[in-house]
Every structure is written in structure tokens, then in C-alpha cells.
Amino acid sequence: MAKLHVETTINGESTEILVDPQQSLLETLRDGLMLTGAKEGCNDGNCGACTVIMDGRTVNSCLVLGAEAQDADITTIEGLATPRGLHPLQQAFLENAALQCGICTPGFLISSKSLLDSNPNPSEEEVRFWLAGNLCRCTGYDKIVRAVLDAAKEMKAGN
Amino acid sequence: MHDFTVHHPQSLQETLILLDRFGDAAQLIAGGTALMNFMKQSLLLPEHIINLQRVQGLQHIQSTKDEVRIGAMVKHREIEKSNLIQNEVPILASTYRRVATIRIRNMATIGGGLAHADPAQDPPSTLVALNARIRIASISGERTISIMDLFQNYYENSLMPGEMITEVIIPSMHSDTKSTYLKFLPRTADDYATVSVSLIATLNENIVRDVRIGLGAVAPTPIRATIAEETLKGHAISDELIQQASNSVAQQVDPLDDFRGSADYKRDMAIVFTKRALQQVLQGPS
């Protein structure tokens, strides 16, 4: 079957890609664009390791067709750091040791970014509600929650 | 996944023409959260995928004096966050807030979820208790059915080939109507319910004027606990009445054994959660 020509915006850059109709957005990112930050965990929408922001909302990229990325605006983990340094969330995850194996981390960072984009001053409960369903099998969640709260404070002070 | 052709219609008419042309060889994709998994597991192997994301006219949340209308492509998260829904049908906002994770709610749509016809999802029992109606379109016209007539069996809806859900219509709730959605969730926050109860009631002093009880995850379709409803209607609220009504749901449920519990356990929990919902709504602070 012919490949589809898809025009999309990824991390602020206009991108043209050829996708197989049955390719998921996750496969398109990882195999087509070599953006391997988003991870395949469960591949059925449960674990959140493949989370990306699509048109302002977090989605499981394993449940989106690559073909649906046409005209979309997508942010992946590769879009968080800038040449000036890490995103405050990434820095806070490092400082709080909020990761062990790291497979879930891109999903947590993207979900946390989307939380802070819409709610810059979340309570602990709001952080836990928002991140429920991003699964970590190593560390437990306390350090992750603390890191998000620290990053929120840091970003507020930085503004 | 298998190979297929993707179509991106812009209008309802264009969509219905594609559906008519391809019949059973086509599947609509709305949020994709169910369909993608069914295709990954080879449970569905459509030759054509018709993407509804760009179809105009399916994204509205509107209210009139008598009803609230929600377009089929409105996402779960939009229903949860809608001020209109929170004010006019609060149980619907709180029910959608309980579905899976924010990511899933950002993708899954009201129409797609209902067409999926999974009785363990949260919205069906609430929409059943709300007496929702489902608007359905095909190339040859439109029809509107009661939500009770949509669900046929596990993952089976009553749509004919060429038909699609376009809108969900919810009768307005009276301002003195009280409601609650209880989801028994013994495992994780993002799980399906082990048992769920949607309760809507109107009281006149101490008398139950009207009551509707929807139960989820306890039968091949969402069900109404009609025996309990009849037991309660027109009677004065008492502990005994609530116990009697709650006990009656055991006769109406038909749950499956699975890793969320045995059928016997779920039958017991249907009683327990019906009772809790009734206590909360009928005996709680007004």
C-alpha cells in the first residue's frame, strides 16, 4: 500500500514525513523521525510512556495513527530542553532523583509540562490526579511528585 | 497492524457516503482509543478507516430549556470540564472525570465510547440513568433512539451498516434533582469499575418522587435497576426501604468472573454500592 504524505509540526518545526497507513504516531516518531524519546511501554494506552502533546492536549501516541498527525502541532520530550539548558522540570527530576531506569520519564515529563502549562501552581493532590496513569515500576511516585512541585516553584520564581 | 486505507472526510454528508459505499469493510475512527487496540489485537480488520476528526458539526455542547445536546465528537475531557455540563448535568461531568486517564479523556469521544458499547465503561450507566437519547444518521436519513436500545451485548451496538452516532441528547435535570456516580475501584485510579452505580432522584419532603438507577460493569449491557426504582417510588425514605431496594439489584445483575472479582462478589458489591448511593442521595445533607 502506498505511503501517505503527512505535513505536521513537531517541536516547533514544520516536518514532512511518509507514513504507512497502519503506523501509529509513536512508530512514526521513533522509526520515521528517530525521535526515540517517547517510549513504547504497553502499546495499548495504559502506561503513558509514549505521551506527547498534540494540539495542546496530552495523548497516548501509541493510540494515534501517524496519518492523524496531518496539520497537528506536536511536542515530544525532545522539545523540552533548549540550547540554554534543561527545562526546569527536567532539572527538578534530576535534583530529586525522580527516576531510576528512565523508561517512564519522558512520559512523566510531558504530562507534567502539560499540567504546568494549564495550572502553574498545582497542589500535591492536583499533581497526583494529573499523573495518575503514568506508570513507574521502579521508584514509586513521591520523588516524581516532589520534583513537579519543585519545578512549579522554580518556574514561578524565574518569571 | 494490518494494512488499510485512511479517509479524511470534512462533512457529515461525505462521511455517510463513504460509510454507505464501504459498508462492513469500513470502521469509523473517532478518538481511536478503543479501535486502535482492537486492530492491534486483530479483533477488527477494516479495509477502510474513516477519520472523523475533521468532520464539521459534531463538536458542540449546547443547551435549550428542555435538553442538553452533545456532538458525537466531543471529547471526554471537554464534557468533564464544560461549565455548561457541570451546571446543568453535574453527574455527567463527574462521571466523565472518572474515565481512565487524562490522556485517554483527551482522545476518547462521547459518540465513539457509546458505539464501543463496553458496559464496564463509566458513561453508559450514567447516560442510562439520565434517559439519554442517541441521534443516528445514515445516507438515507436520521433516527433517534433511547440509549437503552443502543446497547445489545458486550461490545455490540444496534447501529445498522452505514449508520453512525451524531449526537447525544440529555433531558434537562430539574434543579431539585439530586444525583451521584459511585465507582467501585479497588485496584488503580485509572481502572475500569468493578461495579458502578449512577443514581438520580427527586424527593418531595421525605417521599421519593422519582428515582432512576443505572448500573455498570454488572451485565452484558448497562442496566436500569427497575425493581429497586419501583420499590422506592412514592414511598417514605427509611433504612428498611433502602435495604430492600438495594437487595433487589441482585436479581437484575448478571456479572462475569474476572480479575476484578468473582460474579458473586460483584453481585454483593452491586448491592453495597447501590445502598451507599441511596444513602448519600436520599439521606445525605440536602
# chains A, B, ... in the order shown; residues from 1 in each chain; ligands from 1
>>> select_by_dssp(residues="region 1-145 of chain A", states="alpha helix (DSSP H)", output="number ranges by chain")
A: 25-27, 88-95, 105-118, 124-131, 142-145
>>> write_last_selection(atoms="C-alpha atoms", output="JSON list (two decimals), in the first residue's frame")
[["chain", "number", "residue", "atom", "x", "y", "z"],
["A", 25, "LEU", "CA", 2.19, 8.15, 15.74],
["A", 26, "LEU", "CA", 4.61, 6.56, 18.21],
["A", 27, "GLU", "CA", 6.11, 4.38, 15.46],
["A", 88, "PRO", "CA", 13.07, 23.29, 34.86],
["A", 89, "LEU", "CA", 11.08, 20.05, 35.08],
["A", 90, "GLN", "CA", 14.00, 18.04, 33.74],
["A", 91, "GLN", "CA", 16.32, 19.79, 36.20],
["A", 92, "ALA", "CA", 13.95, 19.11, 39.09],
["A", 93, "PHE", "CA", 13.67, 15.42, 38.15],
["A", 94, "LEU", "CA", 17.47, 15.21, 38.26],
["A", 95, "GLU", "CA", 17.77, 17.03, 41.57],
["A", 105, "THR", "CA", 10.45, 9.55, 32.48],
["A", 106, "PRO", "CA", 9.71, 11.16, 29.08],
["A", 107, "GLY", "CA", 6.00, 10.45, 29.60],
["A", 108, "PHE", "CA", 6.07, 11.88, 33.12],
["A", 109, "LEU", "CA", 7.91, 15.00, 31.92],
["A", 110, "ILE", "CA", 5.49, 15.61, 29.06],
["A", 111, "SER", "CA", 2.44, 15.06, 31.29],
["A", 112, "SER", "CA", 3.94, 17.34, 33.94],
["A", 113, "LYS", "CA", 4.69, 20.03, 31.36],
["A", 114, "SER", "CA", 1.10, 19.94, 30.18],
["A", 115, "LEU", "CA", -0.08, 20.25, 33.80],
["A", 116, "LEU", "CA", 2.12, 23.28, 34.48],
["A", 117, "ASP", "CA", 1.13, 24.86, 31.15],
["A", 118, "SER", "CA", -2.51, 24.88, 32.27],
["A", 124, "GLU", "CA", 0.09, 17.99, 45.52],
["A", 125, "GLU", "CA", -3.32, 16.43, 45.01],
["A", 126, "GLU", "CA", -3.66, 18.06, 41.59],
["A", 127, "VAL", "CA", -0.24, 16.73, 40.59],
["A", 128, "ARG", "CA", -1.19, 13.22, 41.71],
["A", 129, "PHE", "CA", -4.56, 13.40, 39.92],
["A", 130, "TRP", "CA", -2.92, 14.61, 36.71],
["A", 131, "LEU", "CA", -0.15, 11.99, 36.72],
["A", 142, "ASP", "CA", 6.79, 10.52, 45.76],
["A", 143, "LYS", "CA", 10.02, 11.82, 44.25],
["A", 144, "ILE", "CA", 8.28, 12.46, 40.95],
["A", 145, "VAL", "CA", 5.51, 14.44, 42.65]]
>>> interface_residues(of="chain A", to="chain B", cutoff="9 Å", atoms="only C-alpha atoms", output="PyMOL selection string")
chain A and resi 1+20-24+43-46+48+51+57-60+62-65+67-68+111+129-134
>>> atom_distance(atom1="CA of Leu278 (chain B)", atom2="CA of Ser172 (chain B)")
21.3 Å
>>> closest_residue(among="A:Arg30, A:Asn96, A:Glu154, A:Asn119", to="Tyr141 (chain A)", atoms="only C-alpha atoms")
A:Asn96
>>> select_by_dssp(residues="region 64-259 of chain B", states="strand (DSSP E or B)", output="ChimeraX atom specification")
/B:67-71,75,109,133-138,141-146,151-153,156-157,164-171,177-184,195-204,207-216,223-224,236,258
>>> atom_distance(atom1="CA of Pro123 (chain B)", atom2="CA of Gly216 (chain B)")
8.7 Å
>>> residues_around(residues="Lys275 (chain B)", least_positions_apart="5", cutoff="9 Å", atoms="only C-alpha atoms", output="VMD selection string")
chain B and resid 242 to 243 245 to 247 270 280
>>> residues_around(residues="Gly56 (chain A)", least_positions_apart="5", cutoff="9 Å", atoms="only C-alpha atoms", output="list of chain:residue names")
A:Asp73, A:Ile74, A:Thr75, A:Ser114
>>> residues_around(residues="Pro90 (chain B)", least_positions_apart="5", cutoff="12 Å", atoms="only C-alpha atoms", output="ChimeraX atom specification")
/B:68,79-85,95-97,126,130,172-175,177-181,198-200
>>> residues_around(residues="Glu163 (chain B)", least_positions_apart="2", cutoff="12 Å", atoms="only C-alpha atoms", output="MDAnalysis selection string")
chainID B and resid 12:13 15:24 26:28 115 134:144 157:161 165:166
>>> closest_residue(among="B:Leu203, B:Leu185, B:Ile170, B:Val195", to="Ile223 (chain B)", atoms="only C-alpha atoms")
B:Val195
